Structures are given as structure tokens and as C-alpha cells.
Amino acid sequence: MTAFDAGELVGELEVTFDVDVLVGAYPDRDGPPGTPESVLAALAGHRVRAGAVASLRAALFDVRSGNDEVLTLHGTTERSESGGGDGAGNGTGNAAGAADVVPVGTVDLRDPIGAVREIDRLEPLGVRAIRLFPDEQGVEAGFPSVRHVAKRAAASGLVVLTGGDVRRFWQPFSGLDARVVFLDTHFYHLGDFLVAAADEPGFHASTRLLNSPDALETVPADRLVFGSRTPHYEPVVPLLRLATSGLTPDEIAAVAGGNARRLFG
């Protein structure tokens, strides 16, 4: 029997932008500590050149200090290479061999007024995306807070990276001309995503859970963005699926980063 070699199958695939990267740890489950250094090393080890990084501290404990950690992380990696940087995600410089950090602001959906206030604080700092953690925060798609935050993000053209079941969480973003990546789109729910996305050109799906034999090929390539959830999910899985997909080389390049860079501007 020939041993399975995922690395050989992934080959020379390079991801230029991963939309689903976290620093920090979940206190209620086993898993990696998610230190910034280890996360950036993991990305670099899988040839991921840039990541949209959000903070679990911001999602679970303290929004402002968690977001500030991510802003500082970008500033540190950029200055290591160029001797400068504003820490706001502008530019592509990074430390030698390290993935570039594109900071993502996290908000607390349990506090809709505070969430919008945090967006107001982050936007002048150059943050171009916000992340929603509805499952971790116990928030349902029908809560008024979700629609409130969705309207604020759409008004500024911010990208929204959201967890949650796409069959429910598409609704708060409908009719807003919103740019949304549904990070937890499962291959069982692809039909629902495709129906919702047909009327919403800004709706995109992460590849993380699209691991069935024809999932990536079912979604229009320009609606797919690569997501790994490093370090709390095994990045080899979405890498392997993309590398062995039936997509063309140009489509693979778009999914591996081109589409996300277009979204983020």
C-alpha cells in the first residue's frame, strides 16, 4: 500500500490570502494556544502569504484590547520588514518568511450599540473588515443586533466575515448590497447558499467546509474564497481539496487569494 502524502498532492499551491485566521484560544476546549508567533509560522509553513486575522480575545473577553492586539500585530510585522507602517493593514510588507497580517475588527453582537461604536473607532485606522462570532456569543440571525451591525458595515463598504449557519445568516445581510463571506458554509448547505447568493453579488463562501467531491466545482469560482481557520482547523484539508479540484489554474488562483483581495480592495 502506498502511503498517502498530502504535501505531494498539494504540490506548489500558494495561497495569497486566507480570510479565516484567528489568534488566541478557546478557553472551554482543547486546542492550540494561538499565539501570534505560532499562527504566523503555521501560515508560512503552508505557503499562505497573507491572512485576515481576527482575535478570539475580542470575540470572547474584551473587544477593544483584542482588536488592538491584531492592529499591533500587523504593525510589528510590517515594521520588521520596512521600518515603518501604520498598523492599519495598509501595504503588504511582512517579516522575512512571515505571512502578512490584514487586521480584522471583531464586534460583540450582544452589544449592538457598542459594536457600531467599535466600528466607528476602527474604520479611521484603516480596518477594512469586521468579523462576527454569533455562535460563540449566543446570537441568532434574527436578533436585531445582527441587522443593525450589517447595515453599519454595508454603509461603509466593509467586508463582513461571519460565522453561523448560512441558511439563517444570509437574511440579515439581504438587500444591503453587502460584501459578506460566510465562513461556515457547509457542503450540505450549498444549495441554500447558491439560492441566496443569486440575488446578492456580494455573497461569498469560504472553502473550509466545502470538502465533498464536487463542492468547489458547484459554486461559481468568483464566489469562493480560501479560508482555513488556522490554527483551530487543519489547513491541509482545504488546501488539499483546492489543489485537487477540477478548477482551472486561473480559477484556483482566484480562490486562493485573488477574489479575497478584490473584496478587500
# chains A, B, ... in the order shown; residues from 1 in each chain; ligands from 1
>>> residues_around(residues="segment 124-133 of chain A", least_positions_apart="4", cutoff="9 Å", atoms="only C-alpha atoms", output="ChimeraX atom specification")
/A:52,54,59-60,71,86-90,102-109,119-120,137-139,146,153,157-164,264-265
>>> write_last_selection(atoms="C-alpha atoms", output="PDB file, in the first residue's frame")
ATOM      1  CA  ALA A  52      -7.273  38.243   7.512  1.00  0.00           C
ATOM      2  CA  ALA A  54      -9.156  38.318  13.996  1.00  0.00           C
ATOM      3  CA  ALA A  59     -14.779  37.781  20.478  1.00  0.00           C
ATOM      4  CA  LEU A  60     -14.866  36.160  23.918  1.00  0.00           C
ATOM      5  CA  LEU A  71      -3.643  46.034  14.895  1.00  0.00           C
ATOM      6  CA  ASP A  86       0.686  52.427  10.484  1.00  0.00           C
ATOM      7  CA  GLY A  87      -0.596  49.128  11.859  1.00  0.00           C
ATOM      8  CA  ALA A  88      -3.858  49.512   9.986  1.00  0.00           C
ATOM      9  CA  GLY A  89      -3.453  46.926   7.259  1.00  0.00           C
ATOM     10  CA  ASN A  90      -2.204  49.288   4.560  1.00  0.00           C
ATOM     11  CA  VAL A 102      -4.567  42.080   7.421  1.00  0.00           C
ATOM     12  CA  PRO A 103      -6.319  43.090  10.657  1.00  0.00           C
ATOM     13  CA  VAL A 104      -9.998  42.302  11.054  1.00  0.00           C
ATOM     14  CA  GLY A 105     -12.094  44.065  13.668  1.00  0.00           C
ATOM     15  CA  THR A 106     -14.280  41.926  15.887  1.00  0.00           C
ATOM     16  CA  VAL A 107     -17.513  43.214  17.408  1.00  0.00           C
ATOM     17  CA  ASP A 108     -19.777  41.907  20.161  1.00  0.00           C
ATOM     18  CA  LEU A 109     -23.233  41.243  18.750  1.00  0.00           C
ATOM     19  CA  ILE A 119     -16.611  50.024  14.037  1.00  0.00           C
ATOM     20  CA  ASP A 120     -16.541  53.818  14.236  1.00  0.00           C
ATOM     21  CA  GLN A 137     -21.670  34.907  21.521  1.00  0.00           C
ATOM     22  CA  GLY A 138     -25.005  33.074  21.572  1.00  0.00           C
ATOM     23  CA  VAL A 139     -26.603  35.367  18.987  1.00  0.00           C
ATOM     24  CA  VAL A 146     -27.175  41.451  13.615  1.00  0.00           C
ATOM     25  CA  ALA A 153     -20.887  47.664   7.759  1.00  0.00           C
ATOM     26  CA  GLY A 157     -18.443  49.130   2.291  1.00  0.00           C
ATOM     27  CA  LEU A 158     -16.743  46.984   4.919  1.00  0.00           C
ATOM     28  CA  VAL A 159     -16.292  43.283   4.295  1.00  0.00           C
ATOM     29  CA  VAL A 160     -18.126  41.135   6.835  1.00  0.00           C
ATOM     30  CA  LEU A 161     -16.668  37.754   7.760  1.00  0.00           C
ATOM     31  CA  THR A 162     -19.380  35.875   9.602  1.00  0.00           C
ATOM     32  CA  GLY A 163     -19.763  32.536  11.234  1.00  0.00           C
ATOM     33  CA  GLY A 164     -23.088  30.810  11.675  1.00  0.00           C
ATOM     34  CA  PHE A 264     -10.903  43.798   0.486  1.00  0.00           C
ATOM     35  CA  GLY A 265      -9.917  46.368  -2.112  1.00  0.00           C
TER      36      GLY A 265
END
>>> closest_residue(among="A:Ala197, A:Leu176, A:Leu122, A:Leu247", to="Glu217 of chain A", atoms="only C-alpha atoms")
A:Leu247
>>> select_by_dssp(residues="segment 162-255 of chain A", states="helix (DSSP H, G or I)", output="PDB file with C-alpha atoms, in the first residue's frame")
ATOM      1  CA  VAL A 166     -25.621  30.293   6.101  1.00  0.00           C
ATOM      2  CA  ARG A 167     -29.231  29.115   5.834  1.00  0.00           C
ATOM      3  CA  ARG A 168     -30.100  31.632   8.531  1.00  0.00           C
ATOM      4  CA  PHE A 169     -27.358  34.244   8.482  1.00  0.00           C
ATOM      5  CA  GLN A 171     -31.060  37.073   5.881  1.00  0.00           C
ATOM      6  CA  PRO A 172     -29.688  39.996   7.953  1.00  0.00           C
ATOM      7  CA  PHE A 173     -27.473  40.971   5.005  1.00  0.00           C
ATOM      8  CA  PHE A 187     -21.254  21.410   1.565  1.00  0.00           C
ATOM      9  CA  TYR A 188     -24.617  20.108   2.816  1.00  0.00           C
ATOM     10  CA  HIS A 189     -25.934  23.679   2.574  1.00  0.00           C
ATOM     11  CA  LEU A 190     -24.538  24.664  -0.807  1.00  0.00           C
ATOM     12  CA  GLY A 191     -27.955  24.750  -2.441  1.00  0.00           C
ATOM     13  CA  ASP A 192     -29.183  27.295   0.091  1.00  0.00           C
ATOM     14  CA  PHE A 193     -26.059  29.412  -0.365  1.00  0.00           C
ATOM     15  CA  LEU A 194     -26.397  29.399  -4.139  1.00  0.00           C
ATOM     16  CA  VAL A 195     -30.069  30.400  -3.994  1.00  0.00           C
ATOM     17  CA  ALA A 196     -29.340  33.255  -1.573  1.00  0.00           C
ATOM     18  CA  ALA A 197     -26.255  34.397  -3.479  1.00  0.00           C
ATOM     19  CA  ALA A 215     -18.413  21.178  -3.756  1.00  0.00           C
ATOM     20  CA  LEU A 216     -15.854  23.644  -5.090  1.00  0.00           C
ATOM     21  CA  GLU A 217     -16.879  22.913  -8.646  1.00  0.00           C
ATOM     22  CA  THR A 218     -20.553  23.591  -7.831  1.00  0.00           C
ATOM     23  CA  ALA A 221     -15.315  30.335  -8.776  1.00  0.00           C
ATOM     24  CA  ASP A 222     -15.667  34.087  -8.322  1.00  0.00           C
ATOM     25  CA  ARG A 223     -17.814  33.471  -5.215  1.00  0.00           C
ATOM     26  CA  VAL A 236      -4.122  20.916   4.883  1.00  0.00           C
ATOM     27  CA  VAL A 237      -7.768  19.905   4.360  1.00  0.00           C
ATOM     28  CA  PRO A 238      -8.922  22.964   2.358  1.00  0.00           C
ATOM     29  CA  LEU A 239      -5.501  23.189   0.703  1.00  0.00           C
ATOM     30  CA  LEU A 240      -5.728  19.599  -0.488  1.00  0.00           C
ATOM     31  CA  ARG A 241      -9.281  19.998  -1.735  1.00  0.00           C
ATOM     32  CA  LEU A 242      -8.400  23.129  -3.713  1.00  0.00           C
ATOM     33  CA  ALA A 243      -5.214  21.659  -5.162  1.00  0.00           C
ATOM     34  CA  PRO A 249      -5.406  27.256 -12.860  1.00  0.00           C
ATOM     35  CA  ASP A 250      -6.866  30.755 -13.153  1.00  0.00           C
ATOM     36  CA  GLU A 251      -9.853  29.781 -11.021  1.00  0.00           C
ATOM     37  CA  ILE A 252      -7.596  28.218  -8.401  1.00  0.00           C
ATOM     38  CA  ALA A 253      -5.537  31.409  -8.253  1.00  0.00           C
ATOM     39  CA  ALA A 254      -8.713  33.449  -7.800  1.00  0.00           C
ATOM     40  CA  VAL A 255      -9.979  31.231  -4.990  1.00  0.00           C
TER      41      VAL A 255
END
>>> select_by_dssp(residues="segment 143-260 of chain A", states="strand (DSSP E or B)", output="list of chain:residue names")
A:Val159, A:Val160, A:Leu161, A:Thr162, A:Arg179, A:Val180, A:Val181, A:Phe182, A:His186, A:Phe203, A:His204, A:Ala205, A:Ser206, A:Leu209, A:Leu224, A:Val225, A:Thr230
>>> atom_distance(atom1="atom CA of Asp199 of chain A", atom2="atom CA of Asn259 of chain A")
18.5 Å
>>> residues_around(residues="Ser38 of chain A", least_positions_apart="2", cutoff="12 Å", atoms="only C-alpha atoms", output="list in words")
Val21, Leu22, Val23, Gly24, Ala25, Pro32, Pro33, Gly34, Thr35, Pro36, Leu40, Ala41, Ala42, Leu43, Ala44, Gly45, Ala98, Ala99, Thr230, Pro231 and His232 of chain A
>>> closest_residue(among="A:Arg49, A:Arg121, A:His204, A:Arg229", to="Asp100 of chain A", atoms="only C-alpha atoms")
A:Arg49
>>> closest_residue(among="A:Leu263, A:Val70, A:Val219, A:Val225", to="Gly246 of chain A", atoms="only C-alpha atoms")
A:Val219
>>> atom_distance(atom1="atom CA of Asp18 of chain A", atom2="atom CA of Glu140 of chain A")
26.0 Å
>>> decode(residues="segment 11-38 of chain A", atoms="N, CA, C and O atoms", output="short mmCIF file (atom, residue, chain, number, x, y, z; two decimals), in the first residue's frame")
data_model
loop_
_atom_site.label_atom_id
_atom_site.label_comp_id
_atom_site.auth_asym_id
_atom_site.auth_seq_id
_atom_site.Cartn_x
_atom_site.Cartn_y
_atom_site.Cartn_z
N GLY A 11 1.22 20.01 -3.60
CA GLY A 11 2.20 20.49 -4.57
C GLY A 11 2.68 21.89 -4.27
O GLY A 11 2.95 22.25 -3.13
N GLU A 12 2.74 22.71 -5.31
CA GLU A 12 3.26 24.06 -5.20
C GLU A 12 2.16 25.10 -5.00
O GLU A 12 2.41 26.30 -5.19
N LEU A 13 0.97 24.67 -4.62
CA LEU A 13 -0.13 25.61 -4.41
C LEU A 13 0.27 26.67 -3.38
O LEU A 13 0.73 26.35 -2.28
N GLU A 14 0.09 27.92 -3.73
CA GLU A 14 0.36 29.03 -2.83
C GLU A 14 -0.93 29.83 -2.63
O GLU A 14 -1.59 30.19 -3.60
N VAL A 15 -1.27 30.05 -1.39
CA VAL A 15 -2.44 30.86 -1.07
C VAL A 15 -1.98 32.28 -0.80
O VAL A 15 -1.14 32.51 0.08
N THR A 16 -2.50 33.22 -1.55
CA THR A 16 -2.07 34.60 -1.37
C THR A 16 -2.92 35.36 -0.37
O THR A 16 -2.53 36.45 0.07
N PHE A 17 -4.08 34.80 0.01
CA PHE A 17 -4.92 35.47 1.01
C PHE A 17 -5.87 34.45 1.63
O PHE A 17 -6.71 33.88 0.93
N ASP A 18 -5.73 34.24 2.92
CA ASP A 18 -6.60 33.36 3.71
C ASP A 18 -7.53 34.26 4.54
O ASP A 18 -7.05 35.06 5.34
N VAL A 19 -8.84 34.12 4.35
CA VAL A 19 -9.78 35.04 5.01
C VAL A 19 -10.18 34.60 6.42
O VAL A 19 -10.94 35.30 7.09
N ASP A 20 -9.66 33.47 6.89
CA ASP A 20 -10.15 32.91 8.16
C ASP A 20 -8.98 32.48 9.04
O ASP A 20 -8.61 31.30 9.08
N VAL A 21 -8.40 33.45 9.74
CA VAL A 21 -7.26 33.20 10.63
C VAL A 21 -7.57 33.81 11.99
O VAL A 21 -8.09 34.93 12.07
N LEU A 22 -7.24 33.09 13.05
CA LEU A 22 -7.52 33.55 14.41
C LEU A 22 -6.25 33.54 15.24
O LEU A 22 -5.41 32.65 15.11
N VAL A 23 -6.12 34.53 16.12
CA VAL A 23 -5.13 34.47 17.18
C VAL A 23 -5.87 34.33 18.50
O VAL A 23 -6.98 34.85 18.66
N GLY A 24 -5.26 33.59 19.41
CA GLY A 24 -5.91 33.35 20.69
C GLY A 24 -6.46 31.94 20.77
O GLY A 24 -6.35 31.15 19.83
N ALA A 25 -7.04 31.63 21.93
CA ALA A 25 -7.51 30.27 22.21
C ALA A 25 -8.95 30.29 22.71
O ALA A 25 -9.44 31.30 23.21
N TYR A 26 -9.59 29.14 22.56
CA TYR A 26 -10.91 28.93 23.16
C TYR A 26 -10.70 28.40 24.57
O TYR A 26 -10.08 27.35 24.75
N PRO A 27 -11.20 29.08 25.60
CA PRO A 27 -10.93 28.64 26.97
C PRO A 27 -11.68 27.38 27.38
O PRO A 27 -11.31 26.74 28.36
N ASP A 28 -12.71 27.02 26.62
CA ASP A 28 -13.56 25.90 27.02
C ASP A 28 -13.32 24.64 26.21
O ASP A 28 -14.11 23.70 26.26
N ARG A 29 -12.23 24.60 25.47
CA ARG A 29 -11.96 23.41 24.67
C ARG A 29 -10.45 23.22 24.50
O ARG A 29 -9.68 24.16 24.62
N ASP A 30 -10.07 21.99 24.24
CA ASP A 30 -8.67 21.72 23.96
C ASP A 30 -8.30 22.29 22.61
O ASP A 30 -9.12 22.32 21.67
N GLY A 31 -7.08 22.73 22.49
CA GLY A 31 -6.64 23.28 21.22
C GLY A 31 -5.37 24.06 21.39
O GLY A 31 -4.85 24.24 22.49
N PRO A 32 -4.84 24.55 20.31
CA PRO A 32 -3.57 25.29 20.35
C PRO A 32 -3.75 26.63 21.06
O PRO A 32 -4.86 27.20 21.09
N PRO A 33 -2.67 27.17 21.62
CA PRO A 33 -2.77 28.47 22.31
C PRO A 33 -3.01 29.63 21.35
O PRO A 33 -3.47 30.69 21.76
N GLY A 34 -2.66 29.45 20.11
CA GLY A 34 -2.92 30.50 19.12
C GLY A 34 -2.11 31.76 19.33
O GLY A 34 -2.60 32.87 19.08
N THR A 35 -0.87 31.60 19.78
CA THR A 35 -0.03 32.79 19.91
C THR A 35 0.24 33.38 18.53
O THR A 35 0.30 32.65 17.54
N PRO A 36 0.38 34.70 18.44
CA PRO A 36 0.62 35.28 17.12
C PRO A 36 1.81 34.66 16.40
O PRO A 36 1.76 34.41 15.19
N GLU A 37 2.88 34.41 17.13
CA GLU A 37 4.08 33.86 16.50
C GLU A 37 3.79 32.47 15.90
O GLU A 37 4.22 32.17 14.77
N SER A 38 3.07 31.63 16.65
CA SER A 38 2.80 30.28 16.15
C SER A 38 1.82 30.30 14.99
O SER A 38 1.93 29.50 14.05
#
